[in-house]
$ cat run-v7.csv   # CSV, N, CA and C atoms
chain,number,residue,atom,x,y,z
A,11,MET,N,37.2,7.2,11.5
A,11,MET,CA,36.6,6.2,12.3
A,11,MET,C,35.2,6.7,12.7
A,12,SER,N,34.2,5.9,12.5
A,12,SER,CA,32.9,6.1,12.9
A,12,SER,C,32.5,5.3,14.1
A,13,THR,N,31.7,5.8,15.0
A,13,THR,CA,31.2,5.1,16.1
A,13,THR,C,29.7,5.1,16.0
A,14,HIS,N,29.0,4.0,16.0
A,14,HIS,CA,27.6,4.0,16.0
A,14,HIS,C,27.2,3.1,17.2
A,15,THR,N,26.2,3.6,18.0
A,15,THR,CA,25.8,2.8,19.1
A,15,THR,C,24.5,2.1,18.8
A,16,GLY,N,24.5,0.8,18.8
A,16,GLY,CA,23.3,0.0,18.7
A,16,GLY,C,22.7,-0.2,20.0
A,17,ARG,N,21.7,-1.0,20.1
A,17,ARG,CA,21.0,-1.2,21.4
A,17,ARG,C,21.9,-1.9,22.4
A,18,ARG,N,22.7,-2.8,21.9
A,18,ARG,CA,23.5,-3.7,22.8
A,18,ARG,C,25.0,-3.5,22.8
A,19,ARG,N,25.5,-2.9,21.8
A,19,ARG,CA,27.0,-2.7,21.8
A,19,ARG,C,27.4,-1.5,20.9
A,20,ARG,N,28.5,-1.0,21.1
A,20,ARG,CA,29.1,0.0,20.3
A,20,ARG,C,29.8,-0.6,19.1
A,21,ILE,N,29.6,0.0,17.9
A,21,ILE,CA,30.2,-0.5,16.7
A,21,ILE,C,31.1,0.6,16.2
A,22,GLU,N,32.4,0.2,16.0
A,22,GLU,CA,33.4,1.1,15.5
A,22,GLU,C,33.9,0.5,14.2
A,23,VAL,N,33.8,1.3,13.1
A,23,VAL,CA,34.3,0.8,11.9
A,23,VAL,C,34.9,2.0,11.1
A,24,SER,N,36.0,1.7,10.5
A,24,SER,CA,36.7,2.7,9.7
A,24,SER,C,36.2,2.5,8.3
A,25,THR,N,35.2,3.3,7.8
A,25,THR,CA,34.6,3.1,6.5
A,25,THR,C,35.6,3.5,5.4
A,26,ARG,N,36.6,4.3,5.8
A,26,ARG,CA,37.6,4.8,4.8
A,26,ARG,C,38.4,3.6,4.2
A,27,GLU,N,38.5,2.6,5.0
A,27,GLU,CA,39.3,1.4,4.4
A,27,GLU,C,38.6,0.7,3.3
A,28,TYR,N,37.3,0.8,3.3
A,28,TYR,CA,36.5,0.2,2.2
A,28,TYR,C,36.5,0.9,0.9
A,29,GLU,N,36.2,2.1,0.9
A,29,GLU,CA,36.1,2.9,-0.3
A,29,GLU,C,36.1,4.4,0.1
A,30,PRO,N,37.2,5.1,0.1
A,30,PRO,CA,37.2,6.5,0.6
A,30,PRO,C,36.1,7.4,0.1
A,31,GLU,N,35.7,7.3,-1.1
A,31,GLU,CA,34.7,8.2,-1.6
A,31,GLU,C,33.3,7.8,-1.1
A,32,ALA,N,33.1,6.6,-0.6
A,32,ALA,CA,31.9,6.2,-0.1
A,32,ALA,C,31.7,6.3,1.4
A,33,SER,N,32.7,6.9,2.0
A,33,SER,CA,32.8,7.0,3.5
A,33,SER,C,31.6,7.7,4.0
A,34,ASP,N,31.2,8.9,3.5
A,34,ASP,CA,30.1,9.6,4.0
A,34,ASP,C,28.8,8.8,3.9
A,35,ALA,N,28.6,8.2,2.8
A,35,ALA,CA,27.4,7.4,2.6
A,35,ALA,C,27.3,6.2,3.5
A,36,LEU,N,28.4,5.5,3.7
A,36,LEU,CA,28.5,4.4,4.7
A,36,LEU,C,28.3,4.9,6.1
A,37,ASP,N,28.9,6.0,6.5
A,37,ASP,CA,28.7,6.5,7.8
A,37,ASP,C,27.2,6.8,8.1
A,38,CYS,N,26.6,7.5,7.1
A,38,CYS,CA,25.2,7.8,7.2
A,38,CYS,C,24.3,6.6,7.3
A,39,ALA,N,24.6,5.6,6.5
A,39,ALA,CA,23.9,4.3,6.5
A,39,ALA,C,24.0,3.6,7.8
A,40,LEU,N,25.2,3.6,8.4
A,40,LEU,CA,25.4,2.9,9.7
A,40,LEU,C,24.7,3.7,10.8
A,41,ALA,N,24.7,5.0,10.7
A,41,ALA,CA,24.0,5.8,11.7
A,41,ALA,C,22.5,5.6,11.6
A,42,TYR,N,22.0,5.5,10.4
A,42,TYR,CA,20.5,5.3,10.3
A,42,TYR,C,20.2,3.9,10.8
A,43,LEU,N,21.0,2.9,10.5
A,43,LEU,CA,20.7,1.5,11.0
A,43,LEU,C,20.8,1.4,12.5
A,44,ALA,N,21.7,2.2,13.1
A,44,ALA,CA,21.8,2.2,14.6
A,44,ALA,C,20.6,2.7,15.2
A,45,ARG,N,19.8,3.6,14.6
A,45,ARG,CA,18.6,4.2,15.1
A,45,ARG,C,17.4,3.4,14.7
A,46,CYS,N,17.5,2.5,13.7
A,46,CYS,CA,16.4,1.8,13.2
A,46,CYS,C,16.1,0.6,14.1
A,47,SER,N,14.8,0.4,14.5
A,47,SER,CA,14.5,-0.7,15.4
A,47,SER,C,14.0,-1.9,14.6
A,48,TYR,N,14.2,-2.0,13.3
A,48,TYR,CA,13.7,-3.1,12.5
A,48,TYR,C,14.6,-3.2,11.3
A,49,PRO,N,14.7,-4.4,10.7
A,49,PRO,CA,15.5,-4.6,9.5
A,49,PRO,C,14.9,-3.7,8.4
A,50,ALA,N,15.7,-2.9,7.8
A,50,ALA,CA,15.3,-1.9,6.8
A,50,ALA,C,15.7,-2.5,5.4
A,51,SER,N,14.9,-2.1,4.4
A,51,SER,CA,15.2,-2.5,3.0
A,51,SER,C,16.4,-1.7,2.6
A,52,VAL,N,17.2,-2.2,1.7
A,52,VAL,CA,18.3,-1.5,1.1
A,52,VAL,C,17.8,-0.2,0.4
A,53,ASP,N,16.7,-0.3,-0.2
A,53,ASP,CA,16.2,1.0,-0.9
A,53,ASP,C,15.9,2.0,0.1
A,54,GLU,N,15.3,1.6,1.3
A,54,GLU,CA,15.0,2.6,2.3
A,54,GLU,C,16.3,3.3,2.8
A,55,VAL,N,17.3,2.5,3.1
A,55,VAL,CA,18.6,3.0,3.6
A,55,VAL,C,19.2,3.9,2.6
A,56,ALA,N,19.2,3.5,1.3
A,56,ALA,CA,19.7,4.4,0.2
A,56,ALA,C,19.0,5.7,0.1
A,57,ASP,N,17.7,5.6,0.2
A,57,ASP,CA,16.9,6.9,0.1
A,57,ASP,C,17.2,7.8,1.3
A,58,ARG,N,17.4,7.3,2.5
A,58,ARG,CA,17.7,8.1,3.6
A,58,ARG,C,19.1,8.7,3.4
A,59,VAL,N,20.1,7.9,2.9
A,59,VAL,CA,21.4,8.4,2.7
A,59,VAL,C,21.4,9.5,1.7
A,60,ARG,N,20.8,9.3,0.5
A,60,ARG,CA,20.7,10.3,-0.5
A,60,ARG,C,20.1,11.6,0.0
A,61,ALA,N,19.1,11.5,0.9
A,61,ALA,CA,18.5,12.7,1.4
A,61,ALA,C,19.4,13.5,2.3
A,62,ARG,N,20.4,12.8,3.0
A,62,ARG,CA,21.3,13.4,3.9
A,62,ARG,C,22.6,13.9,3.3
A,63,VAL,N,23.2,13.0,2.5
A,63,VAL,CA,24.6,13.3,2.0
A,63,VAL,C,24.6,13.3,0.5
A,64,GLY,N,23.5,13.0,-0.2
A,64,GLY,CA,23.6,13.0,-1.6
A,64,GLY,C,23.9,11.6,-2.1
A,65,GLY,N,24.1,11.5,-3.4
A,65,GLY,CA,24.4,10.2,-4.0
A,65,GLY,C,23.6,10.0,-5.2
A,66,ASP,N,24.0,9.1,-6.1
A,66,ASP,CA,23.3,8.9,-7.3
A,66,ASP,C,22.3,7.8,-7.2
A,67,SER,N,21.7,7.5,-8.3
A,67,SER,CA,20.6,6.5,-8.3
A,67,SER,C,21.2,5.1,-8.2
A,68,ARG,N,22.5,4.9,-8.3
A,68,ARG,CA,23.1,3.6,-8.1
A,68,ARG,C,23.6,3.3,-6.7
A,69,LEU,N,23.2,4.1,-5.8
A,69,LEU,CA,23.7,4.0,-4.4
A,69,LEU,C,23.2,2.6,-3.8
A,70,ALA,N,21.9,2.3,-4.0
A,70,ALA,CA,21.3,1.1,-3.4
A,70,ALA,C,22.1,-0.1,-4.1
A,71,GLU,N,22.3,0.0,-5.3
A,71,GLU,CA,23.0,-1.1,-6.0
A,71,GLU,C,24.4,-1.3,-5.5
A,72,ARG,N,25.1,-0.2,-5.2
A,72,ARG,CA,26.5,-0.4,-4.6
A,72,ARG,C,26.4,-0.9,-3.2
A,73,PHE,N,25.4,-0.5,-2.4
A,73,PHE,CA,25.2,-1.1,-1.1
A,73,PHE,C,25.0,-2.6,-1.2
A,74,ARG,N,24.1,-3.0,-2.2
A,74,ARG,CA,23.8,-4.5,-2.3
A,74,ARG,C,25.0,-5.3,-2.8
A,75,GLU,N,25.7,-4.7,-3.8
A,75,GLU,CA,26.8,-5.5,-4.4
A,75,GLU,C,28.1,-5.5,-3.7
A,76,ARG,N,28.4,-4.4,-3.0
A,76,ARG,CA,29.7,-4.2,-2.4
A,76,ARG,C,29.7,-4.0,-0.9
A,77,HIS,N,29.1,-2.9,-0.5
A,77,HIS,CA,29.3,-2.5,0.9
A,77,HIS,C,28.6,-3.4,1.9
A,78,PHE,N,27.3,-3.7,1.7
A,78,PHE,CA,26.6,-4.4,2.8
A,78,PHE,C,27.1,-5.9,2.9
A,79,PRO,N,27.4,-6.6,1.7
A,79,PRO,CA,28.0,-7.9,1.9
A,79,PRO,C,29.4,-7.9,2.6
A,80,MET,N,30.2,-6.9,2.3
A,80,MET,CA,31.5,-6.8,2.9
A,80,MET,C,31.4,-6.5,4.4
A,81,LEU,N,30.4,-5.6,4.8
A,81,LEU,CA,30.2,-5.3,6.2
A,81,LEU,C,29.6,-6.5,7.0
A,82,ALA,N,28.8,-7.3,6.3
A,82,ALA,CA,28.2,-8.5,6.9
A,82,ALA,C,29.2,-9.5,7.1
A,83,GLU,N,30.1,-9.7,6.1
A,83,GLU,CA,31.2,-10.6,6.3
A,83,GLU,C,32.1,-10.3,7.5
A,84,ARG,N,32.2,-9.1,7.8
A,84,ARG,CA,33.0,-8.7,9.0
A,84,ARG,C,32.2,-8.7,10.3
A,85,GLY,N,31.0,-9.0,10.2
A,85,GLY,CA,30.1,-9.1,11.4
A,85,GLY,C,29.6,-7.8,11.9
A,86,ILE,N,29.6,-6.8,11.1
A,86,ILE,CA,29.2,-5.5,11.5
A,86,ILE,C,27.6,-5.3,11.3
A,87,LEU,N,27.1,-5.9,10.3
A,87,LEU,CA,25.7,-5.9,10.1
A,87,LEU,C,25.2,-7.2,9.5
A,88,ARG,N,23.9,-7.4,9.4
A,88,ARG,CA,23.3,-8.5,8.8
A,88,ARG,C,22.7,-8.0,7.5
A,89,TYR,N,23.0,-8.7,6.4
A,89,TYR,CA,22.4,-8.4,5.2
A,89,TYR,C,21.9,-9.7,4.5
A,90,ASP,N,20.6,-9.7,4.2
A,90,ASP,CA,20.0,-10.8,3.5
A,90,ASP,C,19.6,-10.4,2.1
A,91,ALA,N,20.4,-10.9,1.1
A,91,ALA,CA,20.2,-10.5,-0.2
A,91,ALA,C,18.9,-11.0,-0.8
A,92,GLU,N,18.4,-12.1,-0.3
A,92,GLU,CA,17.1,-12.6,-0.8
A,92,GLU,C,15.9,-11.7,-0.4
A,93,SER,N,15.9,-11.3,0.8
A,93,SER,CA,14.8,-10.4,1.3
A,93,SER,C,15.1,-8.9,1.1
A,94,ASP,N,16.4,-8.6,0.8
A,94,ASP,CA,16.9,-7.3,0.6
A,94,ASP,C,16.8,-6.4,1.8
A,95,LEU,N,17.0,-7.1,3.0
A,95,LEU,CA,16.9,-6.4,4.3
A,95,LEU,C,18.3,-6.3,4.9
A,96,VAL,N,18.5,-5.3,5.7
A,96,VAL,CA,19.7,-5.0,6.4
A,96,VAL,C,19.5,-4.5,7.8
A,97,CYS,N,20.3,-4.9,8.7
A,97,CYS,CA,20.2,-4.4,10.1
A,97,CYS,C,21.6,-4.5,10.7
A,98,LEU,N,21.8,-3.8,11.8
A,98,LEU,CA,23.1,-3.9,12.5
A,98,LEU,C,23.1,-5.3,13.2
A,99,GLU,N,24.3,-5.8,13.3
A,99,GLU,CA,24.5,-7.1,14.0
A,99,GLU,C,24.6,-6.7,15.5
A,100,HIS,N,23.8,-7.3,16.3
A,100,HIS,CA,23.8,-7.1,17.7
A,100,HIS,C,24.2,-8.3,18.4
A,101,SER,N,25.1,-8.2,19.4
A,101,SER,CA,25.6,-9.4,20.1
A,101,SER,C,24.6,-9.8,21.2

$ encode --input "run-v7.csv" --output "structure tokens"
Amino acid sequence: MSTHTGRRRRIEVSTREYEPEASDALDCALAYLARCSYPASVDEVADRVRARVGGDSRLAERFRERHFPMLAERGILRYDAESDLVCLEHS
């Protein structure tokens, strides 16, 4: 279970239920987004995650195609595929 504190609310999400091997990358991405004061590009988030926990060149693609849409569907973050921007969902 990961807990990330945004500006307005606490976000708790078990990233292990999505894809166990991606858990560290998702935890790192959510932590980065919790500290980010602006919508970040998916490439920016992937670059930060690779610098912290590693990952291959397809990390941004996996975020775009799988992880961020799924987390957006659950109301955890906002992901706009057209602009390629992501940020935490704040109530």

$ atom_distance --input "run-v7.csv" --atom1 "atom N of A:Val52" --atom2 "atom N of A:Ala35"
15.5 Å

$ select_by_dssp --input "run-v7.csv" --residues "stretch 24-101 of chain A" --states "strand (DSSP E or B)" --output "list of chain:residue names"
A:Ala50, A:Ser51, A:Leu87, A:Arg88, A:Tyr89, A:Asp90, A:Leu95, A:Val96, A:Cys97, A:Leu98

$ atom_distance --input "run-v7.csv" --atom1 "atom C of A:Gly85" --atom2 "atom C of A:Arg62"
24.4 Å

$ closest_residue --input "run-v7.csv" --among "A:Ser33, A:Ala82, A:Leu95, A:Arg68" --to "A:Pro49" --atoms "all atoms listed in the file"
A:Leu95

$ atom_distance --input "run-v7.csv" --atom1 "atom CA of A:Arg74" --atom2 "atom CA of A:Ala50"
12.7 Å

$ closest_residue --input "run-v7.csv" --among "A:Val59, A:Ser51, A:Ala70, A:His77" --to "A:Cys38" --atoms "all atoms listed in the file"
A:Val59

$ select_by_dssp --input "run-v7.csv" --residues "stretch 22-82 of chain A" --states "alpha helix (DSSP H)" --output "count of residues only"
34

$ closest_residue --input "run-v7.csv" --among "A:Ile86, A:Leu98, A:Met80, A:Leu69" --to "A:Arg45" --atoms "only C-alpha atoms"
A:Leu98

$ residues_near_point --input "run-v7.csv" --point "(26.6, -8.1, -0.1)" --cutoff "12 Å" --atoms "only C-alpha atoms" --output "list in words"
Val52, Ala70, Glu71, Arg72, Phe73, Arg74, Glu75, Arg76, His77, Phe78, Pro79, Met80, Leu81, Ala82, Glu83, Arg84, Leu87, Arg88, Tyr89, Asp90, Ala91, Glu92, Asp94, Leu95 and Val96 of chain A

$ closest_residue --input "run-v7.csv" --among "A:Ser67, A:Val55, A:Ser93, A:His100" --to "A:Ala39" --atoms "only N, CA and C atoms"
A:Val55
